[in-house]
file entry00.pdb (PDB, N, CA and C atoms, pLDDT in the B column)
ATOM      1  N   MET A  26       0.249  15.008 -15.528  1.00 45.00           N
ATOM      2  CA  MET A  26      -0.439  13.867 -16.081  1.00 45.00           C
ATOM      3  C   MET A  26      -1.806  13.729 -15.433  1.00 45.00           C
ATOM      4  N   LYS A  27      -2.747  13.348 -16.203  1.00 57.00           N
ATOM      5  CA  LYS A  27      -4.087  13.152 -15.678  1.00 57.00           C
ATOM      6  C   LYS A  27      -4.503  11.716 -15.959  1.00 57.00           C
ATOM      7  N   PHE A  28      -4.882  11.034 -14.895  1.00 61.00           N
ATOM      8  CA  PHE A  28      -5.354   9.669 -15.017  1.00 61.00           C
ATOM      9  C   PHE A  28      -6.792   9.618 -14.554  1.00 61.00           C
ATOM     10  N   ASP A  29      -7.639   9.067 -15.359  1.00 74.00           N
ATOM     11  CA  ASP A  29      -9.034   8.891 -14.977  1.00 74.00           C
ATOM     12  C   ASP A  29      -9.300   7.405 -14.823  1.00 74.00           C
ATOM     13  N   PHE A  30      -9.693   7.010 -13.636  1.00 78.00           N
ATOM     14  CA  PHE A  30      -9.979   5.615 -13.351  1.00 78.00           C
ATOM     15  C   PHE A  30     -11.459   5.456 -13.056  1.00 78.00           C
ATOM     16  N   SER A  31     -11.974   4.306 -13.363  1.00 82.00           N
ATOM     17  CA  SER A  31     -13.352   3.995 -12.979  1.00 82.00           C
ATOM     18  C   SER A  31     -13.352   3.645 -11.494  1.00 82.00           C
ATOM     19  N   ASN A  32     -14.544   3.564 -10.910  1.00 82.00           N
ATOM     20  CA  ASN A  32     -14.637   3.178  -9.498  1.00 82.00           C
ATOM     21  C   ASN A  32     -14.042   1.797  -9.271  1.00 82.00           C
ATOM     22  N   GLU A  33     -14.242   0.894 -10.200  1.00 86.00           N
ATOM     23  CA  GLU A  33     -13.680  -0.455 -10.075  1.00 86.00           C
ATOM     24  C   GLU A  33     -12.155  -0.404 -10.088  1.00 86.00           C
ATOM     25  N   GLU A  34     -11.592   0.422 -10.960  1.00 86.00           N
ATOM     26  CA  GLU A  34     -10.135   0.543 -11.028  1.00 86.00           C
ATOM     27  C   GLU A  34      -9.575   1.170  -9.752  1.00 86.00           C
ATOM     28  N   PHE A  35     -10.244   2.209  -9.244  1.00 83.00           N
ATOM     29  CA  PHE A  35      -9.816   2.785  -7.975  1.00 83.00           C
ATOM     30  C   PHE A  35      -9.867   1.726  -6.881  1.00 83.00           C
ATOM     31  N   SER A  36     -10.925   0.959  -6.860  1.00 88.00           N
ATOM     32  CA  SER A  36     -11.078  -0.079  -5.849  1.00 88.00           C
ATOM     33  C   SER A  36      -9.943  -1.083  -5.915  1.00 88.00           C
ATOM     34  N   GLU A  37      -9.614  -1.524  -7.116  1.00 90.00           N
ATOM     35  CA  GLU A  37      -8.529  -2.493  -7.291  1.00 90.00           C
ATOM     36  C   GLU A  37      -7.175  -1.909  -6.893  1.00 90.00           C
ATOM     37  N   LEU A  38      -6.914  -0.675  -7.283  1.00 89.00           N
ATOM     38  CA  LEU A  38      -5.635  -0.038  -6.961  1.00 89.00           C
ATOM     39  C   LEU A  38      -5.478   0.174  -5.457  1.00 89.00           C
ATOM     40  N   ILE A  39      -6.525   0.652  -4.820  1.00 90.00           N
ATOM     41  CA  ILE A  39      -6.466   0.899  -3.377  1.00 90.00           C
ATOM     42  C   ILE A  39      -6.331  -0.415  -2.624  1.00 90.00           C
ATOM     43  N   ALA A  40      -7.059  -1.428  -3.055  1.00 91.00           N
ATOM     44  CA  ALA A  40      -6.950  -2.744  -2.412  1.00 91.00           C
ATOM     45  C   ALA A  40      -5.547  -3.325  -2.583  1.00 91.00           C
ATOM     46  N   ALA A  41      -4.955  -3.144  -3.739  1.00 93.00           N
ATOM     47  CA  ALA A  41      -3.599  -3.647  -3.983  1.00 93.00           C
ATOM     48  C   ALA A  41      -2.580  -2.938  -3.091  1.00 93.00           C
ATOM     49  N   ALA A  42      -2.709  -1.632  -2.959  1.00 91.00           N
ATOM     50  CA  ALA A  42      -1.791  -0.883  -2.092  1.00 91.00           C
ATOM     51  C   ALA A  42      -1.957  -1.312  -0.638  1.00 91.00           C
ATOM     52  N   LYS A  43      -3.198  -1.506  -0.225  1.00 90.00           N
ATOM     53  CA  LYS A  43      -3.464  -1.933   1.151  1.00 90.00           C
ATOM     54  C   LYS A  43      -2.898  -3.332   1.392  1.00 90.00           C
ATOM     55  N   GLU A  44      -3.082  -4.226   0.440  1.00 93.00           N
ATOM     56  CA  GLU A  44      -2.567  -5.586   0.587  1.00 93.00           C
ATOM     57  C   GLU A  44      -1.040  -5.598   0.608  1.00 93.00           C
ATOM     58  N   ALA A  45      -0.419  -4.781  -0.214  1.00 93.00           N
ATOM     59  CA  ALA A  45       1.047  -4.709  -0.216  1.00 93.00           C
ATOM     60  C   ALA A  45       1.551  -4.223   1.130  1.00 93.00           C
ATOM     61  N   GLN A  46       0.864  -3.252   1.693  1.00 91.00           N
ATOM     62  CA  GLN A  46       1.242  -2.748   3.006  1.00 91.00           C
ATOM     63  C   GLN A  46       1.147  -3.859   4.054  1.00 91.00           C
ATOM     64  N   VAL A  47       0.092  -4.638   4.026  1.00 93.00           N
ATOM     65  CA  VAL A  47      -0.087  -5.750   4.963  1.00 93.00           C
ATOM     66  C   VAL A  47       1.000  -6.798   4.764  1.00 93.00           C
ATOM     67  N   ARG A  48       1.322  -7.095   3.517  1.00 92.00           N
ATOM     68  CA  ARG A  48       2.373  -8.090   3.238  1.00 92.00           C
ATOM     69  C   ARG A  48       3.730  -7.640   3.778  1.00 92.00           C
ATOM     70  N   TRP A  49       4.039  -6.357   3.638  1.00 92.00           N
ATOM     71  CA  TRP A  49       5.314  -5.864   4.167  1.00 92.00           C
ATOM     72  C   TRP A  49       5.316  -5.881   5.692  1.00 92.00           C
ATOM     73  N   LYS A  50       4.155  -5.644   6.315  1.00 93.00           N
ATOM     74  CA  LYS A  50       4.075  -5.748   7.775  1.00 93.00           C
ATOM     75  C   LYS A  50       4.330  -7.185   8.214  1.00 93.00           C
ATOM     76  N   LYS A  51       3.782  -8.134   7.485  1.00 92.00           N
ATOM     77  CA  LYS A  51       4.033  -9.547   7.790  1.00 92.00           C
ATOM     78  C   LYS A  51       5.504  -9.881   7.596  1.00 92.00           C
ATOM     79  N   ALA A  52       6.102  -9.335   6.537  1.00 91.00           N
ATOM     80  CA  ALA A  52       7.525  -9.574   6.283  1.00 91.00           C
ATOM     81  C   ALA A  52       8.366  -9.020   7.429  1.00 91.00           C
ATOM     82  N   ARG A  53       7.999  -7.845   7.928  1.00 91.00           N
ATOM     83  CA  ARG A  53       8.743  -7.263   9.052  1.00 91.00           C
ATOM     84  C   ARG A  53       8.613  -8.134  10.295  1.00 91.00           C
ATOM     85  N   THR A  54       7.424  -8.678  10.528  1.00 92.00           N
ATOM     86  CA  THR A  54       7.220  -9.572  11.669  1.00 92.00           C
ATOM     87  C   THR A  54       8.069 -10.824  11.522  1.00 92.00           C
ATOM     88  N   LEU A  55       8.082 -11.404  10.324  1.00 90.00           N
ATOM     89  CA  LEU A  55       8.905 -12.595  10.096  1.00 90.00           C
ATOM     90  C   LEU A  55      10.389 -12.275  10.226  1.00 90.00           C
ATOM     91  N   TRP A  56      10.793 -11.084   9.810  1.00 89.00           N
ATOM     92  CA  TRP A  56      12.189 -10.668   9.974  1.00 89.00           C
ATOM     93  C   TRP A  56      12.541 -10.587  11.457  1.00 89.00           C
ATOM     94  N   LYS A  57      11.623 -10.022  12.260  1.00 87.00           N
ATOM     95  CA  LYS A  57      11.876  -9.862  13.695  1.00 87.00           C
ATOM     96  C   LYS A  57      12.051 -11.195  14.403  1.00 87.00           C
ATOM     97  N   VAL A  58      11.351 -12.224  13.950  1.00 90.00           N
ATOM     98  CA  VAL A  58      11.482 -13.538  14.596  1.00 90.00           C
ATOM     99  C   VAL A  58      12.596 -14.364  13.963  1.00 90.00           C
ATOM    100  N   GLY A  59      13.299 -13.786  12.988  1.00 88.00           N
ATOM    101  CA  GLY A  59      14.463 -14.443  12.412  1.00 88.00           C
ATOM    102  C   GLY A  59      14.171 -15.467  11.335  1.00 88.00           C
ATOM    103  N   HIS A  60      13.055 -15.319  10.652  1.00 87.00           N
ATOM    104  CA  HIS A  60      12.727 -16.240   9.560  1.00 87.00           C
ATOM    105  C   HIS A  60      13.798 -16.136   8.476  1.00 87.00           C
ATOM    106  N   HIS A  61      14.308 -17.258   8.051  1.00 84.00           N
ATOM    107  CA  HIS A  61      15.445 -17.289   7.127  1.00 84.00           C
ATOM    108  C   HIS A  61      15.196 -16.553   5.813  1.00 84.00           C
ATOM    109  N   ALA A  62      13.983 -16.525   5.327  1.00 82.00           N
ATOM    110  CA  ALA A  62      13.692 -15.895   4.031  1.00 82.00           C
ATOM    111  C   ALA A  62      13.788 -14.370   4.098  1.00 82.00           C
ATOM    112  N   TYR A  63      13.778 -13.807   5.302  1.00 80.00           N
ATOM    113  CA  TYR A  63      13.754 -12.354   5.431  1.00 80.00           C
ATOM    114  C   TYR A  63      15.026 -11.789   6.051  1.00 80.00           C
ATOM    115  N   LEU A  64      16.010 -12.623   6.309  1.00 80.00           N
ATOM    116  CA  LEU A  64      17.229 -12.159   6.961  1.00 80.00           C
ATOM    117  C   LEU A  64      18.045 -11.202   6.094  1.00 80.00           C
ATOM    118  N   LYS A  65      17.855 -11.245   4.779  1.00 83.00           N
ATOM    119  CA  LYS A  65      18.606 -10.341   3.895  1.00 83.00           C
ATOM    120  C   LYS A  65      18.089  -8.907   3.982  1.00 83.00           C
ATOM    121  N   HIS A  66      16.906  -8.718   4.552  1.00 83.00           N
ATOM    122  CA  HIS A  66      16.321  -7.382   4.704  1.00 83.00           C
ATOM    123  C   HIS A  66      16.762  -6.777   6.029  1.00 83.00           C
ATOM    124  N   ASN A  67      16.511  -5.496   6.176  1.00 86.00           N
ATOM    125  CA  ASN A  67      16.703  -4.874   7.481  1.00 86.00           C
ATOM    126  C   ASN A  67      15.418  -4.144   7.857  1.00 86.00           C
ATOM    127  N   GLU A  68      15.303  -3.798   9.122  1.00 86.00           N
ATOM    128  CA  GLU A  68      14.057  -3.218   9.610  1.00 86.00           C
ATOM    129  C   GLU A  68      13.723  -1.901   8.913  1.00 86.00           C
ATOM    130  N   GLN A  69      14.731  -1.094   8.636  1.00 90.00           N
ATOM    131  CA  GLN A  69      14.481   0.197   7.990  1.00 90.00           C
ATOM    132  C   GLN A  69      13.912   0.000   6.576  1.00 90.00           C
ATOM    133  N   GLU A  70      14.454  -0.940   5.850  1.00 90.00           N
ATOM    134  CA  GLU A  70      13.957  -1.225   4.502  1.00 90.00           C
ATOM    135  C   GLU A  70      12.501  -1.677   4.552  1.00 90.00           C
ATOM    136  N   LEU A  71      12.193  -2.565   5.478  1.00 89.00           N
ATOM    137  CA  LEU A  71      10.824  -3.067   5.600  1.00 89.00           C
ATOM    138  C   LEU A  71       9.867  -1.949   6.010  1.00 89.00           C
ATOM    139  N   THR A  72      10.285  -1.131   6.961  1.00 91.00           N
ATOM    140  CA  THR A  72       9.455  -0.007   7.397  1.00 91.00           C
ATOM    141  C   THR A  72       9.246   0.990   6.262  1.00 91.00           C
ATOM    142  N   ASN A  73      10.290   1.244   5.481  1.00 93.00           N
ATOM    143  CA  ASN A  73      10.165   2.151   4.332  1.00 93.00           C
ATOM    144  C   ASN A  73       9.149   1.633   3.323  1.00 93.00           C
ATOM    145  N   ASN A  74       9.148   0.325   3.078  1.00 91.00           N
ATOM    146  CA  ASN A  74       8.193  -0.254   2.135  1.00 91.00           C
ATOM    147  C   ASN A  74       6.763  -0.164   2.673  1.00 91.00           C
ATOM    148  N   ILE A  75       6.593  -0.392   3.958  1.00 92.00           N
ATOM    149  CA  ILE A  75       5.261  -0.253   4.567  1.00 92.00           C
ATOM    150  C   ILE A  75       4.771   1.184   4.379  1.00 92.00           C
ATOM    151  N   ASN A  76       5.627   2.137   4.680  1.00 93.00           N
ATOM    152  CA  ASN A  76       5.250   3.549   4.558  1.00 93.00           C
ATOM    153  C   ASN A  76       4.986   3.944   3.114  1.00 93.00           C
ATOM    154  N   ARG A  77       5.758   3.402   2.206  1.00 92.00           N
ATOM    155  CA  ARG A  77       5.576   3.724   0.784  1.00 92.00           C
ATOM    156  C   ARG A  77       4.189   3.295   0.305  1.00 92.00           C
ATOM    157  N   PHE A  78       3.767   2.089   0.685  1.00 91.00           N
ATOM    158  CA  PHE A  78       2.449   1.635   0.243  1.00 91.00           C
ATOM    159  C   PHE A  78       1.327   2.324   1.003  1.00 91.00           C
ATOM    160  N   LYS A  79       1.594   2.742   2.227  1.00 91.00           N
ATOM    161  CA  LYS A  79       0.607   3.532   2.972  1.00 91.00           C
ATOM    162  C   LYS A  79       0.402   4.875   2.271  1.00 91.00           C
ATOM    163  N   GLN A  80       1.498   5.500   1.840  1.00 93.00           N
ATOM    164  CA  GLN A  80       1.414   6.767   1.112  1.00 93.00           C
ATOM    165  C   GLN A  80       0.732   6.584  -0.240  1.00 93.00           C
ATOM    166  N   THR A  81       1.011   5.476  -0.903  1.00 91.00           N
ATOM    167  CA  THR A  81       0.372   5.188  -2.190  1.00 91.00           C
ATOM    168  C   THR A  81      -1.131   5.057  -2.018  1.00 91.00           C
ATOM    169  N   GLU A  82      -1.534   4.332  -0.980  1.00 90.00           N
ATOM    170  CA  GLU A  82      -2.964   4.180  -0.704  1.00 90.00           C
ATOM    171  C   GLU A  82      -3.604   5.546  -0.447  1.00 90.00           C
ATOM    172  N   GLN A  83      -2.953   6.372   0.370  1.00 91.00           N
ATOM    173  CA  GLN A  83      -3.498   7.691   0.678  1.00 91.00           C
ATOM    174  C   GLN A  83      -3.565   8.568  -0.568  1.00 91.00           C
ATOM    175  N   MET A  84      -2.558   8.485  -1.417  1.00 90.00           N
ATOM    176  CA  MET A  84      -2.548   9.253  -2.652  1.00 90.00           C
ATOM    177  C   MET A  84      -3.742   8.862  -3.536  1.00 90.00           C
ATOM    178  N   LEU A  85      -4.013   7.562  -3.621  1.00 88.00           N
ATOM    179  CA  LEU A  85      -5.134   7.098  -4.432  1.00 88.00           C
ATOM    180  C   LEU A  85      -6.471   7.553  -3.846  1.00 88.00           C
ATOM    181  N   VAL A  86      -6.597   7.492  -2.527  1.00 88.00           N
ATOM    182  CA  VAL A  86      -7.828   7.945  -1.878  1.00 88.00           C
ATOM    183  C   VAL A  86      -8.013   9.447  -2.124  1.00 88.00           C
ATOM    184  N   ASP A  87      -6.931  10.219  -1.988  1.00 90.00           N
ATOM    185  CA  ASP A  87      -7.008  11.658  -2.250  1.00 90.00           C
ATOM    186  C   ASP A  87      -7.358  11.946  -3.707  1.00 90.00           C
ATOM    187  N   ARG A  88      -6.775  11.173  -4.615  1.00 86.00           N
ATOM    188  CA  ARG A  88      -7.056  11.346  -6.045  1.00 86.00           C
ATOM    189  C   ARG A  88      -8.523  11.041  -6.338  1.00 86.00           C
ATOM    190  N   TYR A  89      -9.041   9.993  -5.712  1.00 85.00           N
ATOM    191  CA  TYR A  89     -10.457   9.643  -5.891  1.00 85.00           C
ATOM    192  C   TYR A  89     -11.330  10.815  -5.457  1.00 85.00           C
ATOM    193  N   LYS A  90     -11.006  11.395  -4.294  1.00 86.00           N
ATOM    194  CA  LYS A  90     -11.808  12.509  -3.794  1.00 86.00           C
ATOM    195  C   LYS A  90     -11.709  13.718  -4.713  1.00 86.00           C
ATOM    196  N   SER A  91     -10.520  13.998  -5.243  1.00 86.00           N
ATOM    197  CA  SER A  91     -10.363  15.161  -6.115  1.00 86.00           C
ATOM    198  C   SER A  91     -11.101  14.979  -7.444  1.00 86.00           C
ATOM    199  N   VAL A  92     -11.193  13.736  -7.901  1.00 81.00           N
ATOM    200  CA  VAL A  92     -11.871  13.472  -9.174  1.00 81.00           C
ATOM    201  C   VAL A  92     -13.385  13.442  -9.010  1.00 81.00           C
ATOM    202  N   THR A  93     -13.856  12.769  -7.942  1.00 81.00           N
ATOM    203  CA  THR A  93     -15.295  12.577  -7.786  1.00 81.00           C
ATOM    204  C   THR A  93     -15.944  13.553  -6.819  1.00 81.00           C
ATOM    205  N   GLY A  94     -15.156  14.122  -5.908  1.00 83.00           N
ATOM    206  CA  GLY A  94     -15.725  14.991  -4.878  1.00 83.00           C
ATOM    207  C   GLY A  94     -16.283  14.218  -3.703  1.00 83.00           C
ATOM    208  N   ASP A  95     -16.234  12.904  -3.762  1.00 83.00           N
ATOM    209  CA  ASP A  95     -16.754  12.053  -2.688  1.00 83.00           C
ATOM    210  C   ASP A  95     -15.625  11.440  -1.905  1.00 83.00           C
ATOM    211  N   ASP A  96     -15.880  11.119  -0.642  1.00 85.00           N
ATOM    212  CA  ASP A  96     -14.909  10.381   0.150  1.00 85.00           C
ATOM    213  C   ASP A  96     -14.893   8.938  -0.321  1.00 85.00           C
ATOM    214  N   TRP A  97     -13.726   8.291  -0.180  1.00 79.00           N
ATOM    215  CA  TRP A  97     -13.595   6.903  -0.599  1.00 79.00           C
ATOM    216  C   TRP A  97     -14.299   5.992   0.397  1.00 79.00           C
ATOM    217  N   HIS A  98     -15.064   5.063  -0.112  1.00 74.00           N
ATOM    218  CA  HIS A  98     -15.668   4.003   0.698  1.00 74.00           C
ATOM    219  C   HIS A  98     -15.875   2.803  -0.194  1.00 74.00           C
ATOM    220  N   ARG A  99     -15.749   1.656   0.376  1.00 62.00           N
ATOM    221  CA  ARG A  99     -15.912   0.417  -0.404  1.00 62.00           C
ATOM    222  C   ARG A  99     -17.345   0.168  -0.717  1.00 62.00           C
TER     223      ARG A  99
END

call {"tool": "encode", "arguments": {"input": "entry00.pdb", "output": "structure tokens"}}
result
Amino acid sequence: MKFDFSNEEFSELIAAAKEAQVRWKKARTLWKVGHHAYLKHNEQELTNNINRFKQTEQMLVDRYKSVTGDDWHR
């Protein structure tokens, strides 16, 4: 499959992946302190989600470079 995104779309996708990663890190912190909303999760699940969005962000940055030949920068 080939997806062509504009610079704005790449920016939005990368920002969304980065924000999701930050949100999962916050969720893991709240889980560690025993916040009731996060007790149903476990540390491995939270860590897996952080890593998944980190990989997604890297995939998008790599895709941007392969399409444009330029390194990603905001």

call {"tool": "atom_distance", "arguments": {"input": "entry00.pdb", "atom1": "CA of Phe30 (chain A)", "atom2": "CA of Val92 (chain A)"}}
result
9.1 Å

call {"tool": "closest_residue", "arguments": {"input": "entry00.pdb", "among": "A:Lys79, A:His60, A:Lys65, A:His98", "to": "Ala45 (chain A)", "atoms": "all atoms listed in the file"}}
result
A:Lys79

call {"tool": "axis_aligned_box", "arguments": {"input": "entry00.pdb", "around": "region 53-64 of chain A", "padding_each_side": "8 Å", "output": "AutoDock Vina command-line options"}}
result
--center_x 12.6 --center_y -12.3 --center_z 9.3 --size_x 26.8 --size_y 26.0 --size_z 26.6

call {"tool": "select_by_dssp", "arguments": {"input": "entry00.pdb", "residues": "region 28-90 of chain A", "states": "alpha helix (DSSP H)", "output": "ChimeraX atom specification"}}
result
/A:32-57,68-90

call {"tool": "closest_residue", "arguments": {"input": "entry00.pdb", "among": "A:Ala41, A:Tyr89, A:Arg53, A:Ser36", "to": "Asn67 (chain A)", "atoms": "all atoms listed in the file"}}
result
A:Arg53

call {"tool": "closest_residue", "arguments": {"input": "entry00.pdb", "among": "A:Arg77, A:Leu71, A:Trp56, A:Gln83", "to": "Ala40 (chain A)", "atoms": "only C-alpha atoms"}}
result
A:Gln83

call {"tool": "closest_residue", "arguments": {"input": "entry00.pdb", "among": "A:His61, A:Ser91, A:Val86, A:Leu55", "to": "Leu38 (chain A)", "atoms": "all atoms listed in the file"}}
result
A:Val86

call {"tool": "atom_distance", "arguments": {"input": "entry00.pdb", "atom1": "atom C of Thr72 (chain A)", "atom2": "CA of Leu85 (chain A)"}}
result
18.9 Å
